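> Input structure: model_24.csv, which contains CSV, C-alpha atoms.
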chain,number,residue,atom,x,y,z
A,703,MET,CA,0.0,0.0,0.0
A,704,ASP,CA,1.4,3.4,-0.9
A,705,ALA,CA,1.9,5.8,1.9
A,706,LYS,CA,-0.8,8.5,2.1
A,707,ARG,CA,-0.7,11.8,4.0
A,708,TYR,CA,-3.2,11.9,6.8
A,709,VAL,CA,-3.8,14.3,9.6
A,710,VAL,CA,-5.0,13.8,13.2
A,711,THR,CA,-8.7,14.7,13.9
A,712,VAL,CA,-8.6,14.6,17.7
A,713,SER,CA,-7.0,16.9,20.3
A,714,VAL,CA,-4.4,14.3,21.3
A,715,ALA,CA,-4.0,10.9,19.7
A,716,THR,CA,-1.9,8.4,21.5
A,717,VAL,CA,0.4,6.3,19.4
A,718,TRP,CA,0.5,2.7,20.6
A,719,THR,CA,3.2,0.1,20.3
A,720,SER,CA,0.8,-2.5,18.8
A,721,THR,CA,-2.9,-2.9,18.2
A,722,GLU,CA,-3.0,-5.2,21.2
A,723,SER,CA,-1.5,-2.6,23.5
A,724,PRO,CA,-4.6,-0.7,24.7
A,725,ARG,CA,-6.3,-2.1,27.8
A,726,SER,CA,-10.0,-1.9,28.5
A,727,LEU,CA,-9.5,1.3,30.6
A,728,ASP,CA,-7.7,2.9,27.6
A,729,LYS,CA,-10.9,2.7,25.4
A,730,VAL,CA,-11.7,6.4,25.9
A,731,ALA,CA,-8.2,7.3,24.5
A,732,LEU,CA,-9.1,5.5,21.3
A,733,GLU,CA,-12.4,7.4,20.5
A,734,ALA,CA,-13.0,10.3,18.2
A,735,PRO,CA,-13.5,12.8,19.7
A,736,VAL,CA,-11.1,11.7,22.4
A,737,ASP,CA,-11.7,12.4,26.1
A,738,ILE,CA,-8.1,12.8,27.2
A,739,GLU,CA,-8.9,14.1,30.7
A,740,GLU,CA,-11.2,11.1,31.4
A,741,TRP,CA,-8.5,8.7,30.3
A,742,LEU,CA,-5.9,10.3,32.5
A,743,TYR,CA,-8.4,10.3,35.4
A,744,ARG,CA,-8.8,6.5,35.0
A,745,LEU,CA,-5.1,5.9,35.1
A,746,THR,CA,-4.0,4.9,38.6
A,747,TYR,CA,-0.3,5.0,39.4
A,748,GLU,CA,0.1,1.3,38.5
A,749,LYS,CA,-1.8,1.7,35.2
A,750,ARG,CA,0.3,4.8,34.3
A,751,LEU,CA,3.5,2.9,35.1
A,752,ALA,CA,2.5,0.0,32.9
A,753,LEU,CA,2.4,2.4,29.9
A,754,CYS,CA,6.2,2.4,30.3
A,755,ASN,CA,7.1,-0.9,31.9
A,756,GLU,CA,5.0,-2.9,29.5
A,757,ASN,CA,6.0,-0.8,26.5
A,758,LEU,CA,2.3,0.0,25.6
A,759,VAL,CA,2.8,3.6,24.3
A,760,GLN,CA,5.3,5.1,21.9
A,761,THR,CA,4.4,8.8,21.6
A,762,GLN,CA,1.5,11.1,20.9
A,763,LEU,CA,0.1,13.3,18.1
A,764,LEU,CA,-1.7,16.6,18.3
A,765,PHE,CA,-4.7,17.8,16.3
A,766,GLY,CA,-3.8,18.5,12.7
A,767,GLU,CA,-0.4,16.8,12.9
A,768,LYS,CA,0.6,15.1,9.7
A,769,VAL,CA,1.4,11.3,9.5
A,770,GLU,CA,2.2,8.9,6.7
A,771,VAL,CA,-0.1,5.9,6.8
A,772,ILE,CA,1.9,2.8,5.8
A,773,LYS,CA,-0.8,0.2,6.2
A,774,GLN,CA,-4.2,-0.3,7.7
A,775,GLU,CA,-5.3,-3.4,9.6
A,776,GLY,CA,-9.0,-3.4,10.6
A,777,ASP,CA,-9.6,-0.3,12.8
A,778,TRP,CA,-5.9,0.6,13.1
A,779,CYS,CA,-3.3,2.4,11.0
A,780,TYR,CA,0.4,1.9,11.2
A,781,VAL,CA,1.9,5.4,10.8
A,782,LEU,CA,5.2,7.3,10.5
A,783,ILE,CA,5.4,10.8,12.0
A,784,PRO,CA,7.7,13.1,9.9
A,785,SER,CA,7.6,15.9,12.6
A,786,GLN,CA,9.1,13.5,15.2
A,787,PRO,CA,12.6,12.4,14.1
A,788,SER,CA,13.7,9.0,15.4
A,789,LYS,CA,16.3,6.4,14.8
A,790,LYS,CA,13.4,3.9,14.8
A,791,ASN,CA,12.6,5.0,11.3
A,792,ASP,CA,14.3,7.6,9.1
A,793,ALA,CA,10.9,8.8,7.8
A,794,GLY,CA,9.6,9.6,11.3
A,795,TYR,CA,8.5,8.0,14.6
A,796,PRO,CA,6.5,4.8,14.0
A,797,GLY,CA,3.5,3.3,15.8
A,798,TRP,CA,-0.2,2.4,15.7
A,799,VAL,CA,-3.1,4.9,15.8
A,800,PRO,CA,-6.9,4.2,15.6
A,801,ALA,CA,-8.1,4.9,12.0
A,802,SER,CA,-11.0,6.9,13.4
A,803,GLN,CA,-8.6,9.5,14.7
A,804,LEU,CA,-7.1,10.2,11.3
A,805,LYS,CA,-8.4,11.7,8.0
A,806,SER,CA,-6.9,11.6,4.5
A,807,VAL,CA,-6.0,15.0,3.1
A,808,GLU,CA,-4.5,16.6,0.1
A,809,VAL,CA,-1.2,18.3,0.9
A,810,GLN,CA,-1.3,22.0,0.1
A,811,LYS,CA,1.4,24.6,0.5
A,812,GLN,CA,0.6,27.1,3.2
A,813,ASP,CA,1.9,30.6,3.7
A,814,SER,CA,1.6,30.8,7.5
A,815,TYR,CA,0.6,28.7,10.5
A,816,ALA,CA,-0.9,29.4,13.9
A,817,GLN,CA,0.9,27.6,16.7
A,818,VAL,CA,-0.8,27.4,20.1
A,819,VAL,CA,1.5,29.0,22.7
A,820,ALA,CA,-1.1,29.0,25.5
A,821,LYS,CA,-1.0,25.8,27.7
A,822,LYS,CA,-4.4,25.1,26.2
A,823,THR,CA,-6.9,27.0,24.0
A,824,LEU,CA,-10.4,26.5,22.8
A,825,LEU,CA,-10.9,25.9,19.0
A,826,VAL,CA,-14.4,26.7,17.7
A,827,ILE,CA,-15.2,24.8,14.4
A,828,ASN,CA,-18.0,26.0,12.1
A,829,ASN,CA,-19.4,28.1,15.0
A,830,GLN,CA,-20.5,25.0,16.8
A,831,THR,CA,-18.0,22.2,17.6
A,832,GLU,CA,-15.5,23.0,20.4
A,833,LEU,CA,-12.2,21.3,20.9
A,834,MET,CA,-9.6,22.0,23.6
A,835,LEU,CA,-6.2,22.1,21.9
A,836,SER,CA,-2.8,21.6,23.5
A,837,TYR,CA,0.2,23.8,23.5
A,838,ARG,CA,2.2,23.2,20.3
A,839,THR,CA,-0.8,22.4,18.1
A,840,THR,CA,-0.2,24.0,14.7
A,841,LEU,CA,-2.8,24.8,12.0
A,842,PRO,CA,-2.7,26.6,8.7
A,843,VAL,CA,-3.9,30.2,8.8
A,844,LEU,CA,-6.8,31.3,6.5
A,845,GLN,CA,-7.3,34.9,7.6
A,846,HIS,CA,-6.8,37.3,10.6
A,847,LEU,CA,-9.9,38.7,12.3
A,848,ASN,CA,-10.2,41.1,15.1
A,849,GLU,CA,-9.6,38.9,18.2
A,850,HIS,CA,-9.3,35.6,16.3
A,851,VAL,CA,-7.3,33.8,13.7
A,852,GLU,CA,-9.3,31.7,11.3
A,853,VAL,CA,-7.6,28.4,10.7
A,854,GLU,CA,-8.0,25.4,8.4
A,855,THR,CA,-8.7,22.1,10.3
A,856,PRO,CA,-9.5,18.5,9.3
A,857,LEU,CA,-13.0,19.1,10.7
A,858,GLY,CA,-13.7,22.5,9.0
A,859,LYS,CA,-12.8,26.1,9.4
A,860,GLY,CA,-12.0,27.1,12.9
A,861,LEU,CA,-11.4,30.1,15.1
A,862,LEU,CA,-8.6,30.5,17.6
A,863,LEU,CA,-8.0,33.4,20.0
A,864,THR,CA,-5.2,35.5,18.6
A,865,LYS,CA,-3.7,36.0,22.1
A,866,ASP,CA,-3.2,32.2,22.4
A,867,VAL,CA,-1.3,31.6,19.2
A,868,ASN,CA,1.9,32.6,17.5
A,869,VAL,CA,1.6,33.0,13.8
A,870,VAL,CA,4.7,31.8,11.9
A,871,GLN,CA,5.5,32.2,8.2
A,872,ALA,CA,6.1,28.9,6.5
A,873,ASP,CA,9.4,30.1,5.1
A,874,THR,CA,10.8,31.4,8.4
A,875,GLU,CA,10.2,28.3,10.4
A,876,GLN,CA,13.7,27.1,9.6
A,877,HIS,CA,15.3,30.2,11.2
A,878,PRO,CA,14.3,30.2,14.8
A,879,THR,CA,15.8,32.9,17.1
A,880,LYS,CA,14.4,32.1,20.6
A,881,SER,CA,17.0,32.0,23.3
A,882,GLY,CA,17.7,29.2,25.8
A,883,GLU,CA,16.3,31.5,28.6
A,884,HIS,CA,13.1,31.7,26.6
A,885,LEU,CA,12.8,27.9,26.5
A,886,VAL,CA,13.2,27.8,30.3
A,887,LEU,CA,10.5,30.5,30.8
A,888,GLU,CA,8.1,28.4,28.6
A,889,GLY,CA,9.0,25.3,30.6
A,890,LYS,CA,8.2,27.0,33.9
A,891,ARG,CA,4.6,27.4,32.8
A,892,PHE,CA,4.2,23.6,33.1
A,893,LEU,CA,5.5,23.2,36.7
A,894,ASP,CA,3.4,20.7,38.6
A,895,LEU,CA,2.0,19.0,35.4
A,896,PRO,CA,2.0,15.2,36.1
A,897,TYR,CA,4.4,13.0,34.1
A,898,LEU,CA,2.9,10.8,31.4
A,899,TRP,CA,4.9,8.1,29.6
A,900,GLY,CA,4.8,8.9,25.8
A,901,GLY,CA,3.2,12.3,26.7
A,902,MET,CA,3.6,15.0,24.1
A,903,SER,CA,0.9,17.5,25.1
A,904,SER,CA,0.0,19.9,27.9
A,905,TYR,CA,-2.1,17.2,29.4
A,906,GLY,CA,1.2,15.4,30.4
A,907,PHE,CA,4.7,15.1,29.1
A,908,ASP,CA,7.4,12.5,29.4
A,909,CYS,CA,11.0,13.7,29.8
A,910,SER,CA,11.9,14.0,26.2
A,911,GLY,CA,8.3,15.0,25.2
A,912,PHE,CA,8.8,18.0,27.4
A,913,THR,CA,12.1,19.1,25.9
A,914,TYR,CA,10.9,18.2,22.3
A,915,SER,CA,7.7,20.3,22.7
A,916,LEU,CA,9.5,23.4,24.2
A,917,HIS,CA,12.0,23.4,21.3
A,918,LYS,CA,9.3,22.6,18.6
A,919,THR,CA,7.0,25.4,19.7
A,920,ASN,CA,9.9,27.8,19.4
A,921,GLY,CA,11.0,26.7,15.9
A,922,TYR,CA,13.6,24.0,16.7
A,923,THR,CA,12.9,20.5,15.5
A,924,ILE,CA,14.8,18.0,17.6
A,925,PRO,CA,14.6,14.2,17.9
A,926,ARG,CA,11.7,12.8,19.8
A,927,ASP,CA,13.6,10.5,22.2
A,928,ALA,CA,16.2,11.3,24.8
A,929,SER,CA,18.7,8.8,23.4
A,930,ASP,CA,18.4,10.5,20.0
A,931,GLN,CA,18.5,14.0,21.4
A,932,ALA,CA,21.7,13.1,23.2
A,933,ILE,CA,23.7,12.6,20.0
A,934,SER,CA,22.4,15.6,18.0
A,935,GLY,CA,22.7,19.3,18.5
A,936,LYS,CA,25.9,21.0,19.7
A,937,GLY,CA,28.0,19.4,22.4
A,938,VAL,CA,28.6,21.7,25.5
A,939,ALA,CA,31.1,21.4,28.4
A,940,TYR,CA,29.5,21.2,31.9
A,941,GLU,CA,31.3,24.5,32.8
A,942,GLU,CA,29.9,26.3,29.8
A,943,MET,CA,26.3,25.2,30.3
A,944,LYS,CA,23.6,27.8,29.8
A,945,PRO,CA,19.9,27.9,30.4
A,946,GLY,CA,18.0,25.9,27.7
A,947,ASP,CA,20.8,23.4,27.3
A,948,LEU,CA,19.8,19.7,27.6
A,949,LEU,CA,21.5,17.4,30.1
A,950,PHE,CA,21.3,13.6,29.5
A,951,PHE,CA,21.5,10.8,32.0
A,952,ALA,CA,22.6,7.2,31.3
A,953,TYR,CA,22.6,4.0,33.3
A,954,GLU,CA,25.9,2.6,34.7
A,955,GLN,CA,27.2,6.0,35.9
A,956,GLY,CA,26.7,7.6,32.5
A,957,LYS,CA,28.2,4.8,30.4
A,958,GLY,CA,25.1,2.8,29.6
A,959,PHE,CA,21.8,3.6,27.8
A,960,VAL,CA,20.4,7.2,27.9
A,961,HIS,CA,17.2,7.0,30.0
A,962,HIS,CA,16.5,10.7,30.9
A,963,VAL,CA,16.8,14.2,29.7
A,964,ALA,CA,16.4,17.5,31.6
A,965,MET,CA,16.8,21.2,30.7
A,966,TYR,CA,19.4,23.4,32.4
A,967,TYR,CA,17.5,26.0,34.4
A,968,GLY,CA,20.4,28.1,35.6
A,969,ASN,CA,22.0,28.5,39.0
A,970,GLY,CA,23.0,24.8,39.2
A,971,GLN,CA,19.3,23.7,38.7
A,972,ILE,CA,17.4,21.7,36.1
A,973,ILE,CA,13.8,21.7,35.0
A,974,HIS,CA,12.4,18.4,33.9
A,975,SER,CA,9.4,16.0,33.8
A,976,PRO,CA,10.9,13.2,35.9
A,977,LYS,CA,8.9,10.0,36.0
A,978,THR,CA,5.5,8.4,36.7
A,979,GLY,CA,4.1,9.7,39.9
A,980,LYS,CA,6.1,13.0,39.8
A,981,THR,CA,5.4,16.3,38.2
A,982,VAL,CA,7.4,18.9,36.2
A,983,GLU,CA,9.8,20.4,38.7
A,984,VAL,CA,12.9,22.6,39.2
A,985,ILE,CA,15.6,20.9,41.3
A,986,PRO,CA,19.4,21.3,42.0
A,987,ILE,CA,21.7,19.0,40.0
A,988,LYS,CA,23.7,18.5,43.1
A,989,GLY,CA,22.2,15.7,45.2
A,990,MET,CA,19.6,14.7,42.5
A,991,GLU,CA,18.8,11.1,41.9
A,992,TYR,CA,20.8,10.9,38.7
A,993,GLU,CA,23.7,13.2,39.5
A,994,ASP,CA,26.4,10.6,38.8
A,995,GLU,CA,24.7,9.6,35.5
A,996,ILE,CA,25.3,12.8,33.4
A,997,CYS,CA,26.6,11.6,30.1
A,998,ALA,CA,26.1,14.5,27.6
A,999,ILE,CA,25.1,18.1,27.4
A,1000,ARG,CA,23.7,19.4,24.0
A,1001,ARG,CA,22.5,22.8,22.8
A,1002,TYR,CA,19.8,23.1,20.1
A,1003,TRP,CA,18.9,26.8,20.5
A,1004,THR,CA,20.9,29.4,18.6
When written as structure tokens, how does the structure in this file appear?


Amino acid sequence: MDAKRYVVTVSVATVWTSTESPRSLDKVALEAPVDIEEWLYRLTYEKRLALCNENLVQTQLLFGEKVEVIKQEGDWCYVLIPSQPSKKNDAGYPGWVPASQLKSVEVQKQDSYAQVVAKKTLLVINNQTELMLSYRTTLPVLQHLNEHVEVETPLGKGLLLTKDVNVVQADTEQHPTKSGEHLVLEGKRFLDLPYLWGGMSSYGFDCSGFTYSLHKTNGYTIPRDASDQAISGKGVAYEEMKPGDLLFFAYEQGKGFVHHVAMYYGNGQIIHSPKTGKTVEVIPIKGMEYEDEICAIRRYWT
């Protein structure tokens, strides 16, 4: 089957490791529209932990995000995600998504895009349907109105509050100028947000989803996973670390597999989304759980 370009039709689509991965309590995460808050409410600590320990979830997609559908089996599509670079596949992050959460589209060139910079914002489609969108959701701009931006969506024309979005020109997306300090300021807005394995939205991030999303919203496309992030970008010495730089932690006192990423906050502190049961926090590097596991520091901002 030839790969076709599809877009996501729900606020947050979870990308599963296999079609067998979802459990009965995950059913609400497979629907269209999706009730992401209800799903998270149902996830006890043990059920959240299983998303990681049993390798159930790979990543997540946001409303309007493009995917390549490689094949369809029943109610499921196997996709590649071009916007999420990964060593798992050169064409983008792989995984399974319910077919009901995707829609086939014709790819058209756009002049500008509205990117959600609020933690969440309400999208009103055709003056009736309402959808709560996550930070980083990006949609093509149709026109500017007084207090709104009209955008093109897979479900029809929609309105977003101008104050909640940043409009970027398609040809300037490759020349970001945001500083590392700006990335840190953005990250601070998510303090106390509960960790979610595979999380890529303002409903919950995993460690690399957090660093990926902060960079992506500010024009920098970096790899999706910590182990890939650790070998790209520009290497930085510990003594020359600046706010916005990424610190990586590996098992075996930094010599094994990279398992965590945090962002340097300044003043000897990091900001990160630590692990299941914890929330986004700012903590000192000295005395932290992984202090002796630092294996790399990389800079992606210019």

> Can you tell me how far atom CA of A:Ile985 sits from atom CA of A:Ile999, in Å to one decimal?

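Those two atoms sit 17.1 Å apart.
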
> Fewer than 5 positions away in the same chain doesn't count, so skip those; otherwise give me all residues within 9 Å of A:Arg1001, counting all atoms listed in the file, as a ChimeraX atom specification.

/A:882,934-938,943-944,946-948

> Could those selected residues go to a file with C-alpha atoms, as a PDB file, keeping the file's coordinate frame?


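Contents of the output file out_9.pdb:
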ATOM      1  CA  GLY A 882      17.700  29.200  25.800  1.00  0.00           C
ATOM      2  CA  SER A 934      22.400  15.600  18.000  1.00  0.00           C
ATOM      3  CA  GLY A 935      22.700  19.300  18.500  1.00  0.00           C
ATOM      4  CA  LYS A 936      25.900  21.000  19.700  1.00  0.00           C
ATOM      5  CA  GLY A 937      28.000  19.400  22.400  1.00  0.00           C
ATOM      6  CA  VAL A 938      28.600  21.700  25.500  1.00  0.00           C
ATOM      7  CA  MET A 943      26.300  25.200  30.300  1.00  0.00           C
ATOM      8  CA  LYS A 944      23.600  27.800  29.800  1.00  0.00           C
ATOM      9  CA  GLY A 946      18.000  25.900  27.700  1.00  0.00           C
ATOM     10  CA  ASP A 947      20.800  23.400  27.300  1.00  0.00           C
ATOM     11  CA  LEU A 948      19.800  19.700  27.600  1.00  0.00           C
TER      12      LEU A 948
END

> Taking into account all atoms listed in the file, which residue in the set A:Val710, A:Ala715, A:Val819, A:Ala793 is nearest to A:Glu888?

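The answer is A:Val819, which sits nearest to A:Glu888.
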
> Nearest to A:Glu775 among A:Glu722, A:Asp908, A:Glu832, A:Glu993, with distances taken over all atoms listed in the file: which residue is it?

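That would be A:Glu722, the residue with the smallest distance to A:Glu775.
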
> Could you list, with a cut-off of 8 Å and counting only C-alpha atoms, the residues of stretch 796-831 of chain A near stretch 857-872 of chain A, each shown with its nearest atom pair and the distance in Å rounded to one decimal, rows sorted by chain and ascending number, as JSON lines?


{"residue": "A:Gln812", "atom": "CA", "partner": "A:Ala872", "partner_atom": "CA", "distance": 6.7}
{"residue": "A:Asp813", "atom": "CA", "partner": "A:Ala872", "partner_atom": "CA", "distance": 5.3}
{"residue": "A:Ser814", "atom": "CA", "partner": "A:Gln871", "partner_atom": "CA", "distance": 4.2}
{"residue": "A:Tyr815", "atom": "CA", "partner": "A:Val870", "partner_atom": "CA", "distance": 5.3}
{"residue": "A:Ala816", "atom": "CA", "partner": "A:Val869", "partner_atom": "CA", "distance": 4.4}
{"residue": "A:Gln817", "atom": "CA", "partner": "A:Asn868", "partner_atom": "CA", "distance": 5.2}
{"residue": "A:Val818", "atom": "CA", "partner": "A:Val867", "partner_atom": "CA", "distance": 4.3}
{"residue": "A:Val819", "atom": "CA", "partner": "A:Val867", "partner_atom": "CA", "distance": 5.2}
{"residue": "A:Ala820", "atom": "CA", "partner": "A:Asp866", "partner_atom": "CA", "distance": 4.9}
{"residue": "A:Thr823", "atom": "CA", "partner": "A:Asp866", "partner_atom": "CA", "distance": 6.6}
{"residue": "A:Leu824", "atom": "CA", "partner": "A:Leu862", "partner_atom": "CA", "distance": 6.8}
{"residue": "A:Leu825", "atom": "CA", "partner": "A:Leu862", "partner_atom": "CA", "distance": 5.3}
{"residue": "A:Val826", "atom": "CA", "partner": "A:Leu861", "partner_atom": "CA", "distance": 5.2}
{"residue": "A:Ile827", "atom": "CA", "partner": "A:Gly860", "partner_atom": "CA", "distance": 4.2}
{"residue": "A:Asn828", "atom": "CA", "partner": "A:Lys859", "partner_atom": "CA", "distance": 5.9}
{"residue": "A:Asn829", "atom": "CA", "partner": "A:Gly860", "partner_atom": "CA", "distance": 7.8}

> So the first atom is atom CA of A:Gly970 and the second is atom CA of A:Tyr837; what is the distance between them in Å, to one decimal place?

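Between these atoms lies a distance of 27.7 Å.
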
> Report the distance between atom CA of A:Lys988 and atom CA of A:Tyr953 in Å, rounded to one decimal place.

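Between these atoms lies a distance of 17.5 Å.
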
> Counting all atoms listed in the file, figure out which residue out of A:Thr839, A:Ser975, A:Asn969, A:Thr855 gets nearest to A:Ser910.

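Looking at the shortest contact to A:Ser910, the residue is A:Ser975.
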
> For A:Gly889, which residue out of A:Lys805, A:His877, A:Arg725, A:His974 is the nearest one, using only C-alpha atoms?

A:His974

> As a PyMOL selection string, please: the residues near A:Thr913 (cut-off 12 Å, all atoms listed in the file, same-chain neighbours under 3 positions excluded).

chain A and resi 882+885-886+888-890+892+901-903+907-910+916-920+922-928+931-932+946-950+962-966+972-976+982+1000-1003

> Between A:His846, A:Ser788, A:Tyr914, A:Glu983, which one has atoms that come closest to A:Arg891, using all atoms listed in the file?

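When distances to A:Arg891 are compared using all atoms listed in the file, the smallest one comes from A:Glu983.
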
> Under the rule of at most 10 Å, produce a per-residue listing of stretch 786-811 of chain A near stretch 759-762 of chain A: chain, number, name, the closest pair of atoms, and the distance in Å, as a Markdown table, using all atoms listed in the file.


| residue | atom | partner | partner_atom | distance |
| --- | --- | --- | --- | --- |
| A:Gln786 | CA | A:Thr761 | CA | 9.2 |
| A:Tyr795 | CA | A:Thr761 | CA | 8.2 |
| A:Pro796 | CA | A:Gln760 | CA | 8.0 |
| A:Gly797 | CA | A:Gln760 | CA | 6.6 |
| A:Trp798 | CA | A:Gln760 | CA | 8.7 |
| A:Val799 | CA | A:Gln762 | CA | 9.3 |

> Any chance you could export the current selection's C-alpha atoms as a JSON list (two decimals), in the frame of the given file?


[["chain", "number", "residue", "atom", "x", "y", "z"],
["A", 786, "GLN", "CA", 9.10, 13.50, 15.20],
["A", 795, "TYR", "CA", 8.50, 8.00, 14.60],
["A", 796, "PRO", "CA", 6.50, 4.80, 14.00],
["A", 797, "GLY", "CA", 3.50, 3.30, 15.80],
["A", 798, "TRP", "CA", -0.20, 2.40, 15.70],
["A", 799, "VAL", "CA", -3.10, 4.90, 15.80]]

> For a quick check of understanding, using only C-alpha atoms, which of A:Pro800, A:Gly900, A:Pro735, A:Gly956 has the smallest distance to A:Leu758?

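Selected residue with least distance to A:Leu758: A:Gly900.
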
> Need to verify the contact set: A:Trp741, 10 Å, only C-alpha atoms, exclusion of same-chain residues closer than 2 positions in sequence. Can you return it as a ChimeraX atom specification?

/A:727-732,736-739,743-745

> With C-alpha atoms retained, export the selected residues as an mmCIF file, in the coordinates of the input.


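The result, stored in out_12.cif:
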data_model
loop_
_atom_site.group_PDB
_atom_site.id
_atom_site.type_symbol
_atom_site.label_atom_id
_atom_site.label_comp_id
_atom_site.auth_asym_id
_atom_site.auth_seq_id
_atom_site.Cartn_x
_atom_site.Cartn_y
_atom_site.Cartn_z
ATOM 1 C CA LEU A 727 -9.500 1.300 30.600
ATOM 2 C CA ASP A 728 -7.700 2.900 27.600
ATOM 3 C CA LYS A 729 -10.900 2.700 25.400
ATOM 4 C CA VAL A 730 -11.700 6.400 25.900
ATOM 5 C CA ALA A 731 -8.200 7.300 24.500
ATOM 6 C CA LEU A 732 -9.100 5.500 21.300
ATOM 7 C CA VAL A 736 -11.100 11.700 22.400
ATOM 8 C CA ASP A 737 -11.700 12.400 26.100
ATOM 9 C CA ILE A 738 -8.100 12.800 27.200
ATOM 10 C CA GLU A 739 -8.900 14.100 30.700
ATOM 11 C CA TYR A 743 -8.400 10.300 35.400
ATOM 12 C CA ARG A 744 -8.800 6.500 35.000
ATOM 13 C CA LEU A 745 -5.100 5.900 35.100
#

> Could you rebuild stretch 901-907 of chain A with all heavy atoms and give me the result as a PDB file, in the frame of the given file?


ATOM      1  N   GLY A 901       3.996  11.035  26.720  1.00  0.00           N
ATOM      2  CA  GLY A 901       3.200  12.300  26.700  1.00  0.00           C
ATOM      3  C   GLY A 901       3.891  13.369  25.839  1.00  0.00           C
ATOM      4  O   GLY A 901       5.077  13.647  25.971  1.00  0.00           O
ATOM      5  N   MET A 902       3.080  13.988  24.967  1.00  0.00           N
ATOM      6  CA  MET A 902       3.600  15.000  24.100  1.00  0.00           C
ATOM      7  C   MET A 902       2.643  16.243  24.061  1.00  0.00           C
ATOM      8  O   MET A 902       2.621  17.015  23.102  1.00  0.00           O
ATOM      9  CB  MET A 902       3.673  14.472  22.645  1.00  0.00           C
ATOM     10  CG  MET A 902       4.803  13.495  22.441  1.00  0.00           C
ATOM     11  SD  MET A 902       6.403  14.306  22.369  1.00  0.00           S
ATOM     12  CE  MET A 902       6.529  14.628  20.606  1.00  0.00           C
ATOM     13  N   SER A 903       1.847  16.405  25.118  1.00  0.00           N
ATOM     14  CA  SER A 903       0.900  17.500  25.100  1.00  0.00           C
ATOM     15  C   SER A 903       0.846  18.135  26.519  1.00  0.00           C
ATOM     16  O   SER A 903       1.421  17.615  27.471  1.00  0.00           O
ATOM     17  CB  SER A 903      -0.530  16.978  24.803  1.00  0.00           C
ATOM     18  OG  SER A 903      -1.145  16.423  25.953  1.00  0.00           O
ATOM     19  N   SER A 904       0.144  19.251  26.609  1.00  0.00           N
ATOM     20  CA  SER A 904       0.000  19.900  27.900  1.00  0.00           C
ATOM     21  C   SER A 904      -0.933  19.229  28.844  1.00  0.00           C
ATOM     22  O   SER A 904      -1.241  19.737  29.919  1.00  0.00           O
ATOM     23  CB  SER A 904      -0.404  21.396  27.682  1.00  0.00           C
ATOM     24  OG  SER A 904      -1.496  21.476  26.801  1.00  0.00           O
ATOM     25  N   TYR A 905      -1.384  18.023  28.472  1.00  0.00           N
ATOM     26  CA  TYR A 905      -2.100  17.200  29.400  1.00  0.00           C
ATOM     27  C   TYR A 905      -1.121  16.270  30.177  1.00  0.00           C
ATOM     28  O   TYR A 905      -1.493  15.600  31.126  1.00  0.00           O
ATOM     29  CB  TYR A 905      -3.118  16.282  28.665  1.00  0.00           C
ATOM     30  CG  TYR A 905      -4.296  17.049  28.118  1.00  0.00           C
ATOM     31  CD1 TYR A 905      -4.312  17.495  26.800  1.00  0.00           C
ATOM     32  CD2 TYR A 905      -5.399  17.350  28.932  1.00  0.00           C
ATOM     33  CE1 TYR A 905      -5.398  18.209  26.296  1.00  0.00           C
ATOM     34  CE2 TYR A 905      -6.478  18.068  28.432  1.00  0.00           C
ATOM     35  CZ  TYR A 905      -6.469  18.495  27.111  1.00  0.00           C
ATOM     36  OH  TYR A 905      -7.538  19.211  26.626  1.00  0.00           O
ATOM     37  N   GLY A 906       0.135  16.250  29.733  1.00  0.00           N
ATOM     38  CA  GLY A 906       1.200  15.400  30.400  1.00  0.00           C
ATOM     39  C   GLY A 906       2.302  15.140  29.430  1.00  0.00           C
ATOM     40  O   GLY A 906       2.058  14.734  28.297  1.00  0.00           O
ATOM     41  N   PHE A 907       3.542  15.379  29.891  1.00  0.00           N
ATOM     42  CA  PHE A 907       4.700  15.100  29.100  1.00  0.00           C
ATOM     43  C   PHE A 907       5.551  13.983  29.712  1.00  0.00           C
ATOM     44  O   PHE A 907       5.558  13.831  30.932  1.00  0.00           O
ATOM     45  CB  PHE A 907       5.655  16.335  29.036  1.00  0.00           C
ATOM     46  CG  PHE A 907       5.082  17.529  28.337  1.00  0.00           C
ATOM     47  CD1 PHE A 907       4.720  18.668  29.055  1.00  0.00           C
ATOM     48  CD2 PHE A 907       4.940  17.553  26.958  1.00  0.00           C
ATOM     49  CE1 PHE A 907       4.221  19.790  28.411  1.00  0.00           C
ATOM     50  CE2 PHE A 907       4.437  18.679  26.302  1.00  0.00           C
ATOM     51  CZ  PHE A 907       4.073  19.793  27.031  1.00  0.00           C
TER      52      PHE A 907
END
